[in-house]
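Below is run-v9.cif, holding mmCIF, C-alpha atoms.
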```
data_model
#
loop_
_atom_site.group_PDB
_atom_site.id
_atom_site.type_symbol
_atom_site.label_atom_id
_atom_site.label_comp_id
_atom_site.auth_asym_id
_atom_site.auth_seq_id
_atom_site.Cartn_x
_atom_site.Cartn_y
_atom_site.Cartn_z
ATOM 1 C CA MET L 1 67.544 36.282 -22.915
ATOM 2 C CA ASN L 2 66.814 32.685 -23.877
ATOM 3 C CA ILE L 3 63.210 31.607 -24.507
ATOM 4 C CA ASN L 4 63.643 27.848 -24.484
ATOM 5 C CA LYS L 5 61.150 25.999 -26.683
ATOM 6 C CA HIS L 6 61.698 22.697 -24.895
ATOM 7 C CA LEU L 7 61.040 24.315 -21.514
ATOM 8 C CA PHE L 8 57.812 25.796 -22.864
ATOM 9 C CA ALA L 9 56.749 22.417 -24.238
ATOM 10 C CA ALA L 10 57.618 20.656 -20.987
ATOM 11 C CA TYR L 11 55.412 22.972 -18.960
ATOM 12 C CA CYS L 12 52.593 22.621 -21.454
ATOM 13 C CA GLY L 13 52.808 18.905 -20.693
ATOM 14 C CA MET L 14 53.037 19.570 -16.958
ATOM 15 C CA ILE L 15 49.913 21.733 -17.018
ATOM 16 C CA LYS L 16 48.051 19.194 -19.151
ATOM 17 C CA SER L 17 48.821 16.589 -16.473
ATOM 18 C CA GLY L 18 47.556 18.780 -13.620
ATOM 19 C CA TYR L 19 50.244 21.349 -12.735
ATOM 20 C CA ASP L 20 48.404 24.367 -11.320
ATOM 21 C CA LEU L 21 51.037 26.643 -9.757
ATOM 22 C CA MET L 22 51.112 29.043 -12.728
ATOM 23 C CA ASP L 23 49.602 32.528 -12.563
ATOM 24 C CA LEU L 24 46.334 32.431 -14.496
ATOM 25 C CA SER L 25 45.809 36.159 -13.943
ATOM 26 C CA ASP L 26 48.639 36.660 -16.447
ATOM 27 C CA GLU L 27 47.104 37.227 -19.907
ATOM 28 C CA ILE L 28 49.847 35.323 -21.716
ATOM 29 C CA VAL L 29 49.576 32.367 -19.348
ATOM 30 C CA GLN L 30 45.779 32.372 -19.646
ATOM 31 C CA GLU L 31 45.969 32.225 -23.445
ATOM 32 C CA VAL L 32 48.467 29.356 -23.361
ATOM 33 C CA TYR L 33 46.403 27.567 -20.717
ATOM 34 C CA GLU L 34 43.284 27.707 -22.881
ATOM 35 C CA TRP L 35 45.280 26.236 -25.749
ATOM 36 C CA ILE L 36 46.587 23.441 -23.500
ATOM 37 C CA LEU L 37 43.042 22.527 -22.443
ATOM 38 C CA THR L 38 42.099 21.826 -26.052
ATOM 39 C CA ALA L 39 45.461 20.478 -27.244
ATOM 40 C CA ASP L 40 45.220 16.893 -28.456
ATOM 41 C CA PHE L 41 48.209 15.374 -26.659
ATOM 42 C CA GLU L 42 48.627 11.623 -26.574
ATOM 43 C CA GLU L 43 47.600 10.020 -23.281
ATOM 44 C CA ASN L 44 51.154 8.859 -22.642
ATOM 45 C CA VAL L 45 52.291 12.501 -22.690
ATOM 46 C CA CYS L 46 49.971 13.434 -19.823
ATOM 47 C CA ASP L 47 50.886 10.283 -17.914
ATOM 48 C CA TYR L 48 54.585 11.022 -18.328
ATOM 49 C CA PHE L 49 54.522 14.308 -16.418
ATOM 50 C CA LEU L 50 52.625 12.852 -13.451
ATOM 51 C CA PHE L 51 55.945 11.490 -12.170
ATOM 52 C CA ALA L 52 57.151 15.048 -11.561
ATOM 53 C CA LYS L 53 54.743 15.496 -8.659
ATOM 54 C CA THR L 54 56.382 14.248 -5.460
ATOM 55 C CA ASN L 55 54.216 15.943 -2.784
ATOM 56 C CA THR L 56 57.236 16.125 -0.469
ATOM 57 C CA ILE L 57 57.083 19.906 0.100
ATOM 58 C CA SER L 58 53.708 21.541 0.728
ATOM 59 C CA VAL L 59 54.548 24.887 -0.926
ATOM 60 C CA ASN L 60 55.859 23.122 -4.036
ATOM 61 C CA PRO L 61 54.472 19.608 -4.632
ATOM 62 C CA TYR L 62 56.769 19.292 -7.656
ATOM 63 C CA TYR L 63 60.009 19.636 -5.671
ATOM 64 C CA PRO L 64 62.646 18.659 -6.707
ATOM 65 C CA ARG L 65 61.652 17.001 -9.983
ATOM 66 C CA GLY L 66 60.001 20.088 -11.450
ATOM 67 C CA SER L 67 63.258 22.006 -11.085
ATOM 68 C CA ASP L 68 65.302 19.107 -12.437
ATOM 69 C CA LEU L 69 62.920 18.804 -15.385
ATOM 70 C CA SER L 70 63.351 22.506 -16.176
ATOM 71 C CA ALA L 71 67.133 22.160 -16.124
ATOM 72 C CA ALA L 72 66.990 19.094 -18.373
ATOM 73 C CA CYS L 73 65.425 21.204 -21.139
ATOM 74 C CA PHE L 74 68.710 23.136 -21.443
ATOM 75 C CA PHE L 75 70.684 19.908 -21.897
ATOM 76 C CA HIS L 76 68.301 18.778 -24.675
ATOM 77 C CA GLY L 77 70.294 17.067 -27.413
ATOM 78 C CA GLY L 78 73.392 16.934 -25.250
ATOM 79 C CA SER L 79 75.025 14.380 -23.013
ATOM 80 C CA MET L 80 72.985 12.684 -20.285
ATOM 81 C CA ASP L 81 76.225 12.305 -18.328
ATOM 82 C CA LYS L 82 76.711 16.087 -18.352
ATOM 83 C CA TYR L 83 73.173 16.565 -17.085
ATOM 84 C CA ILE L 84 73.689 14.077 -14.253
ATOM 85 C CA GLU L 85 76.968 15.827 -13.356
ATOM 86 C CA PHE L 86 74.974 19.057 -13.118
ATOM 87 C CA LEU L 87 72.411 17.432 -10.800
ATOM 88 C CA GLN L 88 75.233 16.173 -8.600
ATOM 89 C CA MET L 89 76.841 19.614 -8.545
ATOM 90 C CA CYS L 90 73.632 21.274 -7.384
ATOM 91 C CA GLU L 91 73.030 18.422 -4.916
ATOM 92 C CA SER L 92 69.723 17.232 -6.304
ATOM 93 C CA GLN L 93 68.294 14.252 -4.475
ATOM 94 C CA GLU L 94 67.381 12.770 -7.862
ATOM 95 C CA ALA L 95 70.949 12.624 -9.194
ATOM 96 C CA ASN L 96 71.423 9.050 -7.999
ATOM 97 C CA ASN L 97 67.818 7.883 -8.361
ATOM 98 C CA PRO L 98 67.680 5.245 -11.162
ATOM 99 C CA GLU L 99 63.907 5.670 -11.467
ATOM 100 C CA PHE L 100 64.274 9.393 -12.070
ATOM 101 C CA ILE L 101 67.145 8.936 -14.546
ATOM 102 C CA LYS L 102 65.082 6.420 -16.512
ATOM 103 C CA TRP L 103 62.163 8.872 -16.536
ATOM 104 C CA ILE L 104 64.113 11.965 -17.543
ATOM 105 C CA SER L 105 65.915 10.081 -20.332
ATOM 106 C CA LYS L 106 62.538 9.768 -22.072
ATOM 107 C CA LEU L 107 61.950 13.533 -22.017
ATOM 108 C CA PRO L 108 63.247 14.260 -25.558
ATOM 109 C CA SER L 109 60.789 11.831 -27.166
ATOM 110 C CA VAL L 110 57.888 13.206 -25.098
ATOM 111 C CA LEU L 111 58.764 16.810 -25.969
ATOM 112 C CA LYS L 112 58.960 15.857 -29.629
ATOM 113 C CA GLN L 113 55.355 14.666 -29.489
ATOM 114 C CA ILE L 114 54.223 17.965 -27.965
ATOM 115 C CA GLU L 115 56.284 20.119 -30.333
ATOM 116 C CA ASN L 116 54.987 18.183 -33.362
ATOM 117 C CA SER L 117 51.390 18.982 -32.407
ATOM 118 C CA SER L 118 49.697 20.719 -35.354
ATOM 119 C CA THR L 119 48.963 23.930 -33.414
ATOM 120 C CA PHE L 120 52.084 24.053 -31.233
ATOM 121 C CA ASP L 121 54.102 26.406 -33.441
ATOM 122 C CA GLY L 122 51.323 28.991 -33.396
ATOM 123 C CA ILE L 123 50.933 29.105 -29.614
ATOM 124 C CA TYR L 124 54.695 29.045 -29.098
ATOM 125 C CA GLN L 125 55.127 32.026 -31.427
ATOM 126 C CA PHE L 126 52.382 33.880 -29.534
ATOM 127 C CA TYR L 127 54.194 33.103 -26.281
ATOM 128 C CA CYS L 128 57.586 34.236 -27.635
ATOM 129 C CA ASN L 129 56.149 37.511 -28.903
ATOM 130 C CA GLY L 130 54.558 38.235 -25.541
ATOM 131 C CA VAL L 131 57.660 37.335 -23.543
ATOM 132 C CA GLU L 132 59.981 39.372 -25.771
ATOM 133 C CA LYS L 133 57.736 42.400 -25.393
ATOM 134 C CA ARG L 134 57.440 41.994 -21.625
ATOM 135 C CA PHE L 135 61.185 41.749 -21.053
ATOM 136 C CA SER L 136 62.335 44.088 -23.813
ATOM 137 C CA ASP L 137 64.017 46.455 -21.350
ATOM 138 C CA ILE L 138 66.084 44.051 -19.257
ATOM 139 C CA GLN L 139 69.383 44.256 -21.144
ATOM 140 C CA LYS L 140 70.645 47.261 -19.199
ATOM 141 C CA GLN L 141 69.695 45.606 -15.902
ATOM 142 C CA MET L 142 71.478 42.408 -16.914
ATOM 143 C CA GLU L 143 74.613 44.391 -17.750
ATOM 144 C CA GLU L 144 74.502 46.091 -14.339
ATOM 145 C CA ILE L 145 74.078 42.725 -12.605
ATOM 146 C CA GLU L 146 76.962 41.171 -14.525
ATOM 147 C CA THR L 147 79.192 44.123 -13.602
ATOM 148 C CA VAL L 148 78.590 43.331 -9.928
ATOM 149 C CA LEU L 149 79.046 39.590 -10.396
ATOM 150 C CA LYS L 150 82.316 40.049 -12.257
ATOM 151 C CA SER L 151 83.778 42.130 -9.416
ATOM 152 C CA LYS L 152 86.624 40.666 -7.352
ATOM 153 C CA PRO L 153 84.877 38.610 -4.659
ATOM 154 C CA PHE L 154 82.472 36.831 -7.018
ATOM 155 C CA ARG L 155 84.256 36.644 -10.373
ATOM 156 C CA THR L 156 84.009 33.390 -12.344
ATOM 157 C CA ASP L 157 84.189 32.456 -16.042
ATOM 158 C CA ILE L 158 80.430 31.905 -16.098
ATOM 159 C CA SER L 159 78.090 34.100 -18.146
ATOM 160 C CA VAL L 160 74.508 34.616 -16.975
ATOM 161 C CA VAL L 161 71.413 34.413 -19.193
ATOM 162 C CA PHE L 162 67.814 35.065 -18.165
ATOM 163 C CA ALA L 163 65.511 32.229 -19.306
ATOM 164 C CA PRO L 164 61.877 33.243 -18.721
ATOM 165 C CA ASN L 165 59.242 30.613 -17.980
ATOM 166 C CA LEU L 166 55.841 32.201 -17.388
ATOM 167 C CA LEU L 167 54.232 28.777 -16.994
ATOM 168 C CA GLN L 168 55.899 27.933 -13.687
ATOM 169 C CA ALA L 169 55.019 29.267 -10.241
ATOM 170 C CA LYS L 170 55.823 32.977 -9.937
ATOM 171 C CA PHE L 171 57.645 32.509 -6.623
ATOM 172 C CA LEU L 172 60.127 29.951 -7.989
ATOM 173 C CA ALA L 173 63.521 30.422 -9.616
ATOM 174 C CA ASP L 174 65.599 27.545 -10.970
ATOM 175 C CA TYR L 175 68.852 27.343 -12.888
ATOM 176 C CA ALA L 176 70.790 25.234 -15.337
ATOM 177 C CA LEU L 177 74.556 25.430 -15.794
ATOM 178 C CA VAL L 178 75.520 24.243 -19.273
ATOM 179 C CA GLU L 179 79.228 24.558 -20.074
ATOM 180 C CA ASP L 180 80.017 28.108 -18.891
ATOM 181 C CA THR L 181 76.504 29.530 -19.219
ATOM 182 C CA LEU L 182 74.174 29.853 -16.251
ATOM 183 C CA TYR L 183 70.512 30.003 -17.275
ATOM 184 C CA ILE L 184 68.270 31.599 -14.633
ATOM 185 C CA ILE L 185 64.778 30.143 -15.049
ATOM 186 C CA SER L 186 61.974 32.281 -13.645
ATOM 187 C CA GLY L 187 58.609 33.773 -14.502
ATOM 188 C CA ASN L 188 59.712 37.193 -13.291
ATOM 189 C CA PHE L 189 62.836 39.196 -13.946
ATOM 190 C CA TRP L 190 64.142 39.781 -10.440
ATOM 191 C CA SER L 191 67.748 40.842 -9.982
ATOM 192 C CA CYS L 192 67.972 39.109 -6.617
ATOM 193 C CA ALA L 193 67.038 35.736 -8.154
ATOM 194 C CA ILE L 194 69.775 36.094 -10.763
ATOM 195 C CA ILE L 195 72.407 37.131 -8.225
ATOM 196 C CA HIS L 196 71.229 34.421 -5.818
ATOM 197 C CA GLU L 197 71.604 31.540 -8.270
ATOM 198 C CA TYR L 198 74.973 32.796 -9.489
ATOM 199 C CA LEU L 199 76.299 32.995 -5.921
ATOM 200 C CA HIS L 200 75.486 29.316 -5.364
ATOM 201 C CA ILE L 201 77.906 28.511 -8.190
ATOM 202 C CA ALA L 202 80.526 30.995 -6.984
ATOM 203 C CA LEU L 203 80.504 29.445 -3.494
ATOM 204 C CA LYS L 204 81.135 25.885 -4.730
ATOM 205 C CA PRO L 205 84.971 26.106 -4.586
ATOM 206 C CA ILE L 206 84.898 26.987 -0.882
ATOM 207 C CA ARG L 207 82.372 24.343 0.204
ATOM 208 C CA SER L 208 84.992 22.851 2.558
ATOM 209 C CA LYS L 209 84.912 26.105 4.546
ATOM 210 C CA LEU L 210 81.188 25.550 5.145
ATOM 211 C CA PHE L 211 82.005 22.063 6.438
ATOM 212 C CA ASP L 212 84.443 23.643 8.904
ATOM 213 C CA ILE L 213 81.773 26.064 10.112
ATOM 214 C CA ILE L 214 79.301 23.212 10.612
ATOM 215 C CA HIS L 215 81.877 21.215 12.593
ATOM 216 C CA ASN L 216 82.712 24.230 14.780
ATOM 217 C CA ASP L 217 79.288 25.865 15.204
ATOM 218 C CA GLY L 218 76.606 23.432 14.138
ATOM 219 C CA ILE L 219 73.683 24.736 12.097
ATOM 220 C CA ASP L 220 71.093 25.862 14.643
ATOM 221 C CA LYS L 221 72.381 29.392 15.148
ATOM 222 C CA TYR L 222 72.117 30.070 11.428
ATOM 223 C CA VAL L 223 68.795 28.509 10.452
ATOM 224 C CA ASP L 224 65.600 27.076 11.875
ATOM 225 C CA VAL L 225 66.128 23.348 11.262
ATOM 226 C CA LYS L 226 62.406 22.531 11.389
ATOM 227 C CA ARG L 227 61.643 25.178 8.774
ATOM 228 C CA MET L 228 64.561 23.997 6.605
ATOM 229 C CA ASN L 229 63.048 20.519 6.546
ATOM 230 C CA GLU L 230 59.599 21.869 5.714
ATOM 231 C CA LEU L 231 60.883 23.916 2.775
ATOM 232 C CA GLY L 232 63.260 21.291 1.410
ATOM 233 C CA TYR L 233 66.568 23.023 2.175
ATOM 234 C CA LEU L 234 67.779 20.321 4.568
ATOM 235 C CA HIS L 235 67.964 16.736 3.334
ATOM 236 C CA GLY L 236 69.080 14.767 6.357
ATOM 237 C CA ASN L 237 71.487 15.158 9.252
ATOM 238 C CA THR L 238 74.818 14.814 7.443
ATOM 239 C CA VAL L 239 77.468 17.537 7.289
ATOM 240 C CA GLU L 240 76.844 17.777 3.533
ATOM 241 C CA ALA L 241 73.123 18.308 4.057
ATOM 242 C CA LYS L 242 73.710 20.972 6.688
ATOM 243 C CA ALA L 243 76.274 22.697 4.461
ATOM 244 C CA HIS L 244 73.593 22.894 1.761
ATOM 245 C CA ALA L 245 71.309 24.825 4.130
ATOM 246 C CA LEU L 246 74.194 26.991 5.337
ATOM 247 C CA ASP L 247 75.152 27.789 1.748
ATOM 248 C CA GLU L 248 71.581 28.967 1.159
ATOM 249 C CA CYS L 249 71.759 31.174 4.243
ATOM 250 C CA PHE L 250 75.055 32.802 3.234
ATOM 251 C CA VAL L 251 73.918 33.329 -0.357
ATOM 252 C CA ARG L 252 70.847 35.161 0.898
ATOM 253 C CA ALA L 253 72.952 37.349 3.175
ATOM 254 C CA ILE L 254 75.444 38.288 0.454
ATOM 255 C CA CYS L 255 72.635 38.960 -1.997
ATOM 256 C CA GLY L 256 71.069 41.301 0.543
ATOM 257 C CA VAL L 257 74.211 43.427 0.523
ATOM 258 C CA ILE L 258 75.046 43.552 -3.179
ATOM 259 C CA ASP L 259 71.540 43.893 -4.662
ATOM 260 C CA LYS L 260 70.773 47.577 -4.190
ATOM 261 C CA SER L 261 67.254 47.197 -5.609
ATOM 262 C CA LEU L 262 66.039 45.230 -2.574
ATOM 263 C CA ASP L 263 63.698 46.529 0.100
ATOM 264 C CA LEU L 264 65.965 45.304 2.902
ATOM 265 C CA SER L 265 63.347 45.490 5.635
ATOM 266 C CA TRP L 266 60.981 43.266 3.662
ATOM 267 C CA TYR L 267 63.838 41.007 2.508
ATOM 268 C CA CYS L 268 65.056 40.369 6.050
ATOM 269 C CA GLN L 269 61.544 39.699 7.327
ATOM 270 C CA GLU L 270 60.928 37.168 4.551
ATOM 271 C CA ASN L 271 64.183 35.350 5.247
ATOM 272 C CA VAL L 272 63.495 35.130 8.975
ATOM 273 C CA LYS L 273 59.977 33.878 8.241
ATOM 274 C CA ASN L 274 61.466 31.165 6.037
ATOM 275 C CA GLY L 275 63.908 30.042 8.721
ATOM 276 C CA PHE L 276 67.067 31.903 7.726
ATOM 277 C CA TRP L 277 67.242 33.814 10.963
ATOM 278 C CA ALA L 278 70.958 34.702 10.670
ATOM 279 C CA VAL L 279 70.430 36.699 7.454
ATOM 280 C CA PRO L 280 69.643 40.118 9.017
ATOM 281 C CA ARG L 281 72.678 39.972 11.327
ATOM 282 C CA ALA L 282 74.924 38.805 8.502
ATOM 283 C CA ILE L 283 73.750 41.662 6.268
ATOM 284 C CA ASP L 284 74.477 44.151 9.059
ATOM 285 C CA LYS L 285 77.981 42.743 9.415
ATOM 286 C CA LEU L 286 78.728 42.757 5.680
ATOM 287 C CA ALA L 287 77.423 46.292 5.242
ATOM 288 C CA LYS L 288 80.157 47.509 7.600
ATOM 289 C CA LEU L 289 82.972 45.682 5.806
ATOM 290 C CA SER L 290 85.018 46.629 2.753
ATOM 291 C CA TRP L 291 83.913 43.345 1.212
ATOM 292 C CA GLN L 292 84.869 44.512 -2.290
ATOM 293 C CA ASP L 293 88.523 44.010 -1.286
ATOM 294 C CA MET L 294 87.980 40.582 0.260
ATOM 295 C CA SER L 295 87.929 37.062 -1.121
ATOM 296 C CA LEU L 296 84.679 35.104 -1.010
ATOM 297 C CA GLU L 297 86.185 32.814 1.625
ATOM 298 C CA GLU L 298 87.051 35.825 3.805
ATOM 299 C CA ILE L 299 83.497 37.125 3.431
ATOM 300 C CA VAL L 300 82.066 33.775 4.558
ATOM 301 C CA ILE L 301 84.387 33.667 7.585
ATOM 302 C CA GLN L 302 83.410 37.213 8.565
ATOM 303 C CA VAL L 303 79.720 36.359 8.315
ATOM 304 C CA ALA L 304 80.175 33.216 10.404
ATOM 305 C CA ASN L 305 82.071 35.151 13.061
ATOM 306 C CA SER L 306 79.300 37.745 13.279
ATOM 307 C CA ILE L 307 76.615 35.233 14.280
ATOM 308 C CA GLU L 308 76.524 34.482 17.975
#
```
Mind converting the file's structure to structure tokens?
Amino acid sequence: MNINKHLFAAYCGMIKSGYDLMDLSDEIVQEVYEWILTADFEENVCDYFLFAKTNTISVNPYYPRGSDLSAACFFHGGSMDKYIEFLQMCESQEANNPEFIKWISKLPSVLKQIENSSTFDGIYQFYCNGVEKRFSDIQKQMEEIETVLKSKPFRTDISVVFAPNLLQAKFLADYALVEDTLYIISGNFWSCAIIHEYLHIALKPIRSKLFDIIHNDGIDKYVDVKRMNELGYLHGNTVEAKAHALDECFVRAICGVIDKSLDLSWYCQENVKNGFWAVPRAIDKLAKLSWQDMSLEEIVIQVANSIE
């Protein structure tokens, strides 16, 4: 587990500037929130985080900059070029936005101001103690997850680390890939979120196969295009944009098969509600296959062939 001080500081700044998606019924969050209200941050600190709010997606007004900000905290002190390469890899719309790059490059100096606040160390230590206690029993679960992810179809050289962030929205999960370590950023420890984000990375080498599927089938039989636009999974009408949505659909289907902790009935209903209407049929198909003996490309082809 990695409790990232810079991530904590960044979300203190976000909340000070108006971020309100956190869960205030959580005792730890409530205590930190009360500290933030009285924290004497410089005005420029509050102004800085206002840029993160884009209002492009109704369910998450901070998409995609909130996620990109979270990831940046794991590149703190490293190369900006490496961070931009990461944004390009995960297909962030901000990767080629000069205004965003200029903004995010100022993050280290802004975080330094927050972290140098006279009472910051005390509240951060309180937060760390609470988080460590809350997630003290996850090691065994992480080992079980990694055993699955290191099996034949999904194996990569990447190690997975849970990076809790109680100050973000409970329903969100983000990630940062730094060197060969994948940090899963979430307020809850949910095996499906960890598997989900890892699978996005594992599928990258076979992205061309998704292009082939788009050229042959289109996208409409896999997802609800209108809903994809509403939720931010579809960024235009290009093959690359459609492959991004298709990747999300396939990841959700594979996760539904390999995560044995899921309530599949609920999981399928949620995916259909969110526009991934091929997920239940794909899960049915995969459940009947000996997918453990297949390559990831073969799994994707089988899923595509199962959707009529």
Near Glu197 in chain L, counting all atoms listed in the file, which residues have an atom at most 12 Å away, once you skip same-chain residues fewer than 4 positions from it, shown as an mmCIF file with C-alpha atoms, keeping the file's coordinate frame?
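Saved as out-v3.cif:
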```cif
data_model
loop_
_atom_site.group_PDB
_atom_site.id
_atom_site.type_symbol
_atom_site.label_atom_id
_atom_site.label_comp_id
_atom_site.auth_asym_id
_atom_site.auth_seq_id
_atom_site.Cartn_x
_atom_site.Cartn_y
_atom_site.Cartn_z
ATOM 1 C CA CYS L 90 73.632 21.274 -7.384
ATOM 2 C CA LEU L 149 79.046 39.590 -10.396
ATOM 3 C CA ILE L 158 80.430 31.905 -16.098
ATOM 4 C CA VAL L 160 74.508 34.616 -16.975
ATOM 5 C CA VAL L 161 71.413 34.413 -19.193
ATOM 6 C CA PHE L 162 67.814 35.065 -18.165
ATOM 7 C CA LEU L 172 60.127 29.951 -7.989
ATOM 8 C CA ALA L 173 63.521 30.422 -9.616
ATOM 9 C CA ASP L 174 65.599 27.545 -10.970
ATOM 10 C CA TYR L 175 68.852 27.343 -12.888
ATOM 11 C CA ALA L 176 70.790 25.234 -15.337
ATOM 12 C CA LEU L 177 74.556 25.430 -15.794
ATOM 13 C CA LEU L 182 74.174 29.853 -16.251
ATOM 14 C CA TYR L 183 70.512 30.003 -17.275
ATOM 15 C CA ILE L 184 68.270 31.599 -14.633
ATOM 16 C CA ILE L 185 64.778 30.143 -15.049
ATOM 17 C CA SER L 186 61.974 32.281 -13.645
ATOM 18 C CA TRP L 190 64.142 39.781 -10.440
ATOM 19 C CA SER L 191 67.748 40.842 -9.982
ATOM 20 C CA CYS L 192 67.972 39.109 -6.617
ATOM 21 C CA ALA L 193 67.038 35.736 -8.154
ATOM 22 C CA ILE L 201 77.906 28.511 -8.190
ATOM 23 C CA ALA L 202 80.526 30.995 -6.984
ATOM 24 C CA LEU L 203 80.504 29.445 -3.494
ATOM 25 C CA LYS L 204 81.135 25.885 -4.730
ATOM 26 C CA ASP L 247 75.152 27.789 1.748
ATOM 27 C CA GLU L 248 71.581 28.967 1.159
ATOM 28 C CA VAL L 251 73.918 33.329 -0.357
ATOM 29 C CA ARG L 252 70.847 35.161 0.898
ATOM 30 C CA ILE L 254 75.444 38.288 0.454
ATOM 31 C CA CYS L 255 72.635 38.960 -1.997
#
```
List as a CSV table (one decimal) with C-alpha atoms, keeping the file's coordinate frame the protein and nucleic acid residues near range 2-11 of chain L, meaning an atom at most 9 Å away when all atoms listed in the file are counted, but skip any in the same chain fewer than 4 places from it.
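Written out: part-v4.csv:
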```csv
chain,number,residue,atom,x,y,z
L,15,ILE,CA,49.9,21.7,-17.0
L,16,LYS,CA,48.1,19.2,-19.2
L,19,TYR,CA,50.2,21.3,-12.7
L,49,PHE,CA,54.5,14.3,-16.4
L,69,LEU,CA,62.9,18.8,-15.4
L,70,SER,CA,63.4,22.5,-16.2
L,71,ALA,CA,67.1,22.2,-16.1
L,72,ALA,CA,67.0,19.1,-18.4
L,73,CYS,CA,65.4,21.2,-21.1
L,74,PHE,CA,68.7,23.1,-21.4
L,76,HIS,CA,68.3,18.8,-24.7
L,107,LEU,CA,62.0,13.5,-22.0
L,108,PRO,CA,63.2,14.3,-25.6
L,110,VAL,CA,57.9,13.2,-25.1
L,111,LEU,CA,58.8,16.8,-26.0
L,112,LYS,CA,59.0,15.9,-29.6
L,114,ILE,CA,54.2,18.0,-28.0
L,115,GLU,CA,56.3,20.1,-30.3
L,120,PHE,CA,52.1,24.1,-31.2
L,124,TYR,CA,54.7,29.0,-29.1
L,127,TYR,CA,54.2,33.1,-26.3
L,128,CYS,CA,57.6,34.2,-27.6
L,131,VAL,CA,57.7,37.3,-23.5
L,132,GLU,CA,60.0,39.4,-25.8
L,161,VAL,CA,71.4,34.4,-19.2
L,162,PHE,CA,67.8,35.1,-18.2
L,163,ALA,CA,65.5,32.2,-19.3
L,164,PRO,CA,61.9,33.2,-18.7
L,165,ASN,CA,59.2,30.6,-18.0
L,166,LEU,CA,55.8,32.2,-17.4
L,167,LEU,CA,54.2,28.8,-17.0
L,168,GLN,CA,55.9,27.9,-13.7
L,183,TYR,CA,70.5,30.0,-17.3
```
Which one is closest to Asn60 in chain L: L:Asp293, L:Asp121, L:Asp217, L:Glu230? Count all atoms listed in the file.
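Ranked by minimum distance to Asn60 in chain L, first place goes to L:Glu230.
Our summary of the geometry notes that CA of Asp224 in chain L is positioned 17.2 Å from CA of Ser58 in chain L.
Here CA of Lys260 in chain L is placed at a distance of 10.3 Å from CA of Ile145 in chain L.
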Which residues fall under the PyMOL selection byres ((chain L and resi 61) around 12) in this file, as a list in words?
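This file, filtered by the PyMOL selection byres ((chain L and resi 61) around 12), leaves Gly18, Tyr19, Asp20, Leu21, Leu50, Phe51, Ala52, Lys53, Thr54, Asn55, Thr56, Ile57, Ser58, Val59, Asn60, Tyr62, Tyr63, Pro64, Arg65, Gly66, Ser67, Ala169, Glu230, Leu231 and Gly232 of chain L.
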With all atoms listed in the file as the counted atoms, please give the residues lying no more than 10 Å from Ser290 in chain L, apart from itself and same-chain residues fewer than 4 positions off, as an NGL selection string.
:L and (286 or 294 or 299)
Report the distance between CA of Ile84 in chain L and CA of Phe276 in chain L in Å, rounded to one decimal place.
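CA of Phe276 in chain L lies 29.1 Å from CA of Ile84 in chain L.
Residue nearest Ile194 in chain L, chosen from L:Gln302, L:Met142, L:Ser105, L:Gly130 and counting only C-alpha atoms: L:Met142.
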Spatial neighbours of Leu234 in chain L, 9 Å, all atoms listed in the file, chain gap at least 6 places, as a count of residues only:
9
